[in-house]
>>> print(open('work.tsv').read())   # TSV, C-alpha atoms
chain	number	residue	atom	x	y	z
A	1	MET	CA	41.47	154.02	84.15
A	2	PRO	CA	44.63	155.79	83.05
A	3	VAL	CA	47.27	153.70	81.39
A	4	PRO	CA	50.82	154.24	82.65
A	5	PRO	CA	53.14	155.70	80.09
A	6	GLY	CA	55.22	153.18	78.23
A	7	THR	CA	52.82	150.27	78.57
A	8	MET	CA	50.89	150.80	75.37
A	9	GLY	CA	53.80	149.61	73.25
A	10	THR	CA	53.33	146.07	74.45
A	11	MET	CA	49.73	145.97	73.32
A	12	SER	CA	48.67	144.97	69.88
A	13	THR	CA	46.20	147.80	69.34
A	14	GLY	CA	46.87	150.79	67.17
A	15	SER	CA	48.97	151.02	64.04
A	16	GLY	CA	52.74	150.80	64.60
A	17	ARG	CA	52.47	149.76	68.25
A	18	PRO	CA	53.02	146.00	67.68
A	19	ASP	CA	56.14	146.76	65.65
A	20	GLU	CA	57.48	148.94	68.45
A	21	ALA	CA	56.76	146.23	70.99
A	22	ARG	CA	58.46	143.62	68.86
A	23	ALA	CA	61.45	145.88	68.32
A	24	ARG	CA	61.72	146.54	72.04
A	25	GLU	CA	61.42	142.83	72.81
A	26	GLY	CA	64.14	142.15	70.24
A	27	ASP	CA	66.40	144.72	71.89
A	28	GLU	CA	65.73	143.23	75.30
A	29	THR	CA	66.49	139.75	73.99
A	30	ARG	CA	69.75	140.94	72.45
A	31	HIS	CA	70.73	142.69	75.66
A	32	ALA	CA	69.87	139.62	77.70
A	33	THR	CA	71.93	137.44	75.34
A	34	LEU	CA	74.87	139.83	75.56
A	35	LEU	CA	74.62	139.92	79.35
A	36	ARG	CA	74.52	136.14	79.60
A	37	GLY	CA	77.46	135.97	77.21
A	38	VAL	CA	79.51	138.38	79.30
A	39	ARG	CA	78.67	136.40	82.44
A	40	ASN	CA	79.82	133.16	80.79
A	41	PRO	CA	83.30	132.46	82.17
A	42	VAL	CA	84.39	130.68	79.00
A	43	ILE	CA	83.66	133.78	76.93
A	44	VAL	CA	85.38	136.05	79.43
A	45	ILE	CA	88.46	133.79	79.50
A	46	LEU	CA	88.63	133.64	75.70
A	47	ILE	CA	88.38	137.43	75.37
A	48	LEU	CA	91.02	138.04	78.06
A	49	ALA	CA	93.31	135.42	76.50
A	50	GLY	CA	92.82	137.06	73.11
A	51	ILE	CA	93.60	140.53	74.45
A	52	PHE	CA	96.79	139.43	76.21
A	53	ASP	CA	97.88	137.28	73.27
A	54	GLY	CA	97.42	140.33	71.06
A	55	LEU	CA	99.45	142.47	73.48
A	56	ALA	CA	102.18	139.81	73.38
A	57	GLY	CA	102.44	140.31	69.62
A	58	ASN	CA	100.38	137.37	68.36
A	59	PRO	CA	97.61	138.96	66.29
A	60	VAL	CA	96.53	135.72	64.58
A	61	HIS	CA	96.00	133.97	67.92
A	62	ALA	CA	94.23	137.00	69.35
A	63	ILE	CA	91.85	137.32	66.42
A	64	LEU	CA	90.93	133.62	66.51
A	65	LEU	CA	90.31	133.59	70.27
A	66	ILE	CA	88.20	136.75	70.21
A	67	VAL	CA	86.22	135.61	67.17
A	68	VAL	CA	85.43	132.31	68.91
A	69	ALA	CA	84.33	134.25	72.02
A	70	LEU	CA	82.09	136.57	70.01
A	71	VAL	CA	80.53	133.74	68.04
A	72	LEU	CA	79.92	131.82	71.25
A	73	ALA	CA	78.40	134.93	72.86
A	74	SER	CA	76.01	135.48	69.98
A	75	ASP	CA	75.25	131.78	69.72
A	76	VAL	CA	74.78	131.00	73.37
A	77	ASP	CA	70.99	131.20	73.30
A	78	LEU	CA	70.38	129.37	70.06
A	79	PRO	CA	68.09	126.38	70.40
A	80	VAL	CA	69.59	122.94	70.29
A	81	GLN	CA	70.18	121.84	66.74
A	82	VAL	CA	68.70	118.50	65.87
A	83	GLU	CA	69.21	116.81	62.55
A	84	GLY	CA	66.58	114.38	61.43
A	85	GLY	CA	65.09	114.14	64.89
A	86	THR	CA	68.24	112.80	66.45
A	87	ASP	CA	71.16	114.43	68.18
A	88	VAL	CA	74.08	115.46	66.06
A	89	ALA	CA	76.59	112.67	66.31
A	90	VAL	CA	79.82	113.70	67.99
A	91	GLU	CA	81.49	110.40	68.49
A	92	PRO	CA	82.79	109.02	65.23
A	93	GLU	CA	82.62	105.34	64.48
A	94	ASP	CA	85.45	103.29	65.89
A	95	SER	CA	86.35	102.13	62.39
A	96	HIS	CA	87.31	105.70	61.58
A	97	SER	CA	89.86	105.81	64.37
A	98	LEU	CA	92.50	103.84	62.48
A	99	VAL	CA	92.06	106.01	59.39
A	100	ALA	CA	92.30	109.13	61.55
A	101	LEU	CA	95.47	107.79	63.16
A	102	VAL	CA	97.11	107.21	59.78
A	103	ILE	CA	96.06	110.67	58.60
A	104	ALA	CA	97.47	112.19	61.79
A	105	VAL	CA	100.83	110.47	61.28
A	106	VAL	CA	101.09	111.56	57.64
A	107	TYR	CA	99.95	115.08	58.50
A	108	ALA	CA	102.39	115.40	61.40
A	109	VAL	CA	105.33	114.18	59.34
A	110	ALA	CA	104.48	116.51	56.45
A	111	VAL	CA	103.66	119.61	58.51
A	112	GLY	CA	106.63	119.00	60.82
A	113	GLY	CA	108.78	119.78	57.79
A	114	PHE	CA	107.59	123.39	57.81
A	115	GLU	CA	109.55	125.93	59.78
A	116	ARG	CA	108.02	127.05	63.06
A	117	TYR	CA	106.11	130.33	62.83
A	118	SER	CA	106.06	130.18	59.02
A	119	TRP	CA	102.87	130.86	57.10
A	120	PRO	CA	102.62	127.28	55.74
A	121	GLY	CA	103.01	125.98	59.29
A	122	THR	CA	100.44	128.47	60.54
A	123	VAL	CA	97.86	127.48	57.95
A	124	ALA	CA	98.56	123.80	58.58
A	125	VAL	CA	97.73	124.25	62.28
A	126	ILE	CA	94.78	126.60	61.78
A	127	VAL	CA	92.99	124.14	59.46
A	128	PRO	CA	92.66	121.22	61.93
A	129	GLY	CA	92.12	123.73	64.74
A	130	VAL	CA	89.17	125.32	62.98
A	131	VAL	CA	87.80	121.89	62.01
A	132	GLY	CA	87.90	120.86	65.67
A	133	LEU	CA	86.18	124.07	66.70
A	134	LEU	CA	83.49	123.68	64.04
A	135	MET	CA	82.83	120.16	65.27
A	136	ALA	CA	82.43	121.58	68.78
A	137	PHE	CA	80.01	124.25	67.54
A	138	ARG	CA	78.10	121.68	65.49
A	139	ALA	CA	77.69	119.35	68.45
A	140	ALA	CA	74.93	121.43	69.95
A	141	ARG	CA	73.69	118.58	72.06
A	142	ILE	CA	76.16	116.15	73.51
A	143	PRO	CA	74.94	112.58	73.05
A	144	GLY	CA	74.98	110.00	75.76
A	145	PRO	CA	73.88	110.05	79.37
A	146	GLU	CA	74.49	112.98	81.67
A	147	PRO	CA	78.04	112.53	83.01
A	148	ARG	CA	78.23	111.94	86.73
A	149	PRO	CA	78.87	115.09	88.74
A	150	ILE	CA	82.36	115.85	89.94
A	151	GLN	CA	82.80	115.83	93.71
A	152	HIS	CA	83.86	119.13	95.22
A	153	ARG	CA	87.22	117.84	96.42
A	154	GLY	CA	87.98	116.33	93.03
A	155	ALA	CA	87.16	119.57	91.24
A	156	VAL	CA	89.30	121.55	93.69
A	157	ALA	CA	92.22	119.13	93.27
A	158	TRP	CA	92.31	119.37	89.47
A	159	ALA	CA	91.58	123.09	89.41
A	160	SER	CA	94.39	123.70	91.93
A	161	LEU	CA	96.82	121.74	89.79
A	162	PHE	CA	96.07	123.71	86.62
A	163	ILE	CA	96.05	127.02	88.49
A	164	ALA	CA	99.45	126.15	89.99
A	165	LEU	CA	100.76	125.29	86.53
A	166	GLY	CA	99.41	128.55	85.11
A	167	LEU	CA	100.85	130.65	87.92
A	168	TRP	CA	104.25	128.98	87.66
A	169	GLU	CA	104.25	129.51	83.89
A	170	LEU	CA	103.24	133.15	84.39
A	171	THR	CA	105.96	133.64	87.03
A	172	ASN	CA	108.64	132.40	84.64
A	173	LEU	CA	107.19	134.44	81.80
A	174	LEU	CA	107.44	137.61	83.89
A	175	LEU	CA	110.99	136.73	84.96
A	176	GLN	CA	112.14	136.67	81.32
A	177	PRO	CA	114.04	139.72	80.00
A	178	ASP	CA	110.88	140.53	78.05
A	179	LEU	CA	107.77	138.69	76.91
A	180	ALA	CA	109.32	137.65	73.59
A	181	THR	CA	112.76	136.60	74.88
A	182	GLY	CA	113.13	133.28	76.63
A	183	SER	CA	115.24	132.87	79.75
A	184	TYR	CA	117.49	129.89	80.51
A	185	ALA	CA	117.34	130.61	84.24
A	186	HIS	CA	113.54	130.89	84.30
A	187	PRO	CA	112.30	128.83	81.36
A	188	THR	CA	108.64	128.66	80.43
A	189	LEU	CA	107.28	125.45	78.92
A	190	SER	CA	107.74	127.02	75.49
A	191	THR	CA	111.41	127.71	76.20
A	192	LEU	CA	111.90	124.17	77.48
A	193	LEU	CA	110.32	122.76	74.32
A	194	ASP	CA	112.27	125.00	71.93
A	195	PRO	CA	115.17	122.52	71.40
A	196	ILE	CA	112.68	119.75	70.57
A	197	LEU	CA	110.61	121.94	68.28
A	198	ALA	CA	113.73	123.06	66.43
A	199	MET	CA	113.98	119.56	64.90
A	200	HIS	CA	111.73	118.13	62.22
A	201	THR	CA	111.23	114.92	64.19
A	202	GLY	CA	110.45	116.88	67.35
A	203	ARG	CA	107.89	119.06	65.58
A	204	SER	CA	106.28	116.02	63.97
A	205	ALA	CA	106.10	114.14	67.27
A	206	LEU	CA	104.49	117.05	69.12
A	207	LEU	CA	102.15	117.79	66.23
A	208	PHE	CA	101.04	114.17	66.33
A	209	VAL	CA	100.42	114.42	70.08
A	210	TRP	CA	98.46	117.64	69.52
A	211	LEU	CA	96.33	116.06	66.79
A	212	VAL	CA	95.64	112.96	68.90
A	213	LEU	CA	94.68	115.21	71.81
A	214	GLY	CA	92.25	117.05	69.55
A	215	TRP	CA	90.76	113.77	68.35
A	216	TYR	CA	90.42	112.59	71.95
A	217	LEU	CA	88.64	115.82	72.89
A	218	VAL	CA	86.29	115.67	69.91
A	219	LYS	CA	85.27	112.18	71.01
A	220	ARG	CA	84.48	113.33	74.58
B	1	MET	CA	120.73	123.90	92.47
B	2	SER	CA	120.51	126.57	89.78
B	3	SER	CA	117.41	128.61	88.98
B	4	HIS	CA	116.99	126.58	85.82
B	5	ASP	CA	117.06	123.29	87.70
B	6	ALA	CA	114.67	124.58	90.36
B	7	THR	CA	112.24	125.80	87.68
B	8	VAL	CA	112.30	122.48	85.85
B	9	ALA	CA	111.94	120.61	89.15
B	10	ILE	CA	108.77	122.50	89.99
B	11	TYR	CA	107.33	121.74	86.53
B	12	ALA	CA	108.21	118.08	87.14
B	13	LEU	CA	106.56	118.22	90.57
B	14	ILE	CA	103.36	119.63	89.05
B	15	ALA	CA	103.40	116.85	86.45
B	16	LEU	CA	103.98	114.28	89.18
B	17	VAL	CA	101.04	115.59	91.21
B	18	GLY	CA	98.91	115.35	88.07
B	19	LEU	CA	100.01	111.78	87.60
B	20	VAL	CA	99.18	110.94	91.23
B	21	LEU	CA	95.72	112.54	90.87
B	22	GLU	CA	95.11	110.52	87.71
B	23	VAL	CA	96.16	107.26	89.39
B	24	MET	CA	94.00	108.09	92.43
B	25	GLY	CA	91.07	108.82	90.12
B	26	ARG	CA	91.46	105.52	88.29
B	27	THR	CA	91.37	103.50	91.49
B	28	GLY	CA	87.89	104.88	92.17
B	29	ARG	CA	88.51	104.92	95.91
B	30	THR	CA	88.71	108.69	96.28
B	31	GLU	CA	86.60	111.69	95.36
B	32	VAL	CA	89.19	112.69	92.77
B	33	PRO	CA	88.03	111.71	89.28
B	34	PRO	CA	90.36	110.93	86.38
B	35	LEU	CA	91.12	113.90	84.13
B	36	GLY	CA	89.08	112.35	81.33
B	37	THR	CA	85.98	112.39	83.53
B	38	VAL	CA	86.57	116.05	84.35
B	39	LEU	CA	86.93	116.87	80.66
B	40	THR	CA	83.78	114.92	79.83
B	41	ARG	CA	81.88	116.88	82.45
B	42	ILE	CA	83.22	120.22	81.27
B	43	MET	CA	82.57	119.37	77.63
B	44	HIS	CA	78.98	118.33	78.28
B	45	THR	CA	78.00	122.00	78.05
B	46	ARG	CA	78.17	123.87	74.79
B	47	SER	CA	80.39	126.67	76.03
B	48	GLY	CA	82.62	124.23	77.91
B	49	ARG	CA	83.06	122.13	74.80
B	50	ILE	CA	83.91	125.12	72.65
B	51	GLY	CA	86.16	126.57	75.34
B	52	VAL	CA	88.18	123.36	75.65
B	53	MET	CA	88.51	123.03	71.87
B	54	ALA	CA	89.58	126.68	71.63
B	55	GLY	CA	92.23	125.97	74.25
B	56	TRP	CA	93.44	122.99	72.26
B	57	MET	CA	93.61	125.08	69.09
B	58	TRP	CA	95.50	127.79	70.96
B	59	ILE	CA	98.15	125.27	72.09
B	60	GLY	CA	98.77	124.32	68.46
B	61	LEU	CA	98.97	127.96	67.41
B	62	HIS	CA	101.26	128.88	70.30
B	63	TYR	CA	103.86	126.23	69.59
B	64	PHE	CA	103.78	126.07	65.80
B	65	ALA	CA	102.05	129.05	64.23
B	66	LYS	CA	102.79	132.75	63.76
>>> encode(input="work.tsv", output="structure tokens")
Amino acid sequence: MPVPPGTMGTMSTGSGRPDEARAREGDETRHATLLRGVRNPVIVILILAGIFDGLAGNPVHAILLIVVALVLASDVDLPVQVEGGTDVAVEPEDSHSLVALVIAVVYAVAVGGFERYSWPGTVAVIVPGVVGLLMAFRAARIPGPEPRPIQHRGAVAWASLFIALGLWELTNLLLQPDLATGSYAHPTLSTLLDPILAMHTGRSALLFVWLVLGWYLVKR
Amino acid sequence: MSSHDATVAIYALIALVGLVLEVMGRTGRTEVPPLGTVLTRIMHTRSGRIGVMAGWMWIGLHYFAK
């Protein structure tokens, strides 16, 4: 019985054929991983956000967002990591919360002293940001019971709110003289926060809120 | 009312709606969950968790970093 062309490579007979089959399977796996990555909305959003942030003149933000997207795309099919037969712990002990709070206060006060958009300020924000991201990557399996599903109406309500916020922010951004120049008549949230962030105390307060938000998210 | 005032008022309205949704979610009498429950659900998946943390990092970068 004749064998259709192209099917021999999957058989393990003949020298070199198994290697070809394995190589082809590897290619197919990589392509499937890439396809699944592209179809993942989180990856798509991160890449789009990175592209537009880059176009807006923020190369550091763009690089970080795109790197996270690419790592997530390549990592999306990795098996669940288990350490010592148990899930990787995400939720820190409650006793650590007070220590974390004190560290957050000290950090916010110290880093708030740096000028906005300075390199020391940039590094001081990137470090906790990357730590938070690494903790998210490390938490391959989320401990605890499966959270209860969100009802359709509830999901629509919250999604509508954040979409409305995003569209209103985008509207005001496009009504500015240009993307880098704020407008008093059509202020974005950034423009509204500028007077607060111009002060050391304001920067420290918002940094503290940002750090606490990160801690809250890590504990989710 | 100036354009500035109208813009800020709409931001305030969005925040108020968010607050109302949160209060409704905490009563447990509606299908609207609290925001924390939504975040927990989103962050139960690997990509959702990383996506939310990337968003948090981006907020810090946007307001403070180069």
>>> interface_residues(input="work.tsv", of="chain A", to="chain B", cutoff="8 Å", atoms="all atoms listed in the file", output="PyMOL selection string")
chain A and resi 42-43+46+58+60-61+65+68+72+76+116-119+121-123+125-126+129-130+132-133+136-137+139-142+146-155+157-158+161+164-165+168+184-187+190+207+210+213-214+217-218+220
>>> atom_distance(input="work.tsv", atom1="atom CA of Gly112 of chain A", atom2="atom CA of Ala124 of chain A")
9.7 Å
>>> atom_distance(input="work.tsv", atom1="atom CA of Trp215 of chain A", atom2="atom CA of Val131 of chain A")
10.7 Å
>>> residues_around(input="work.tsv", residues="Gly113 of chain A", least_positions_apart="2", cutoff="8 Å", atoms="all atoms listed in the file", output="ChimeraX atom specification")
/A:109-111,115,200,203-204
>>> atom_distance(input="work.tsv", atom1="atom CA of Ala205 of chain A", atom2="atom CA of Tyr107 of chain A")
10.8 Å
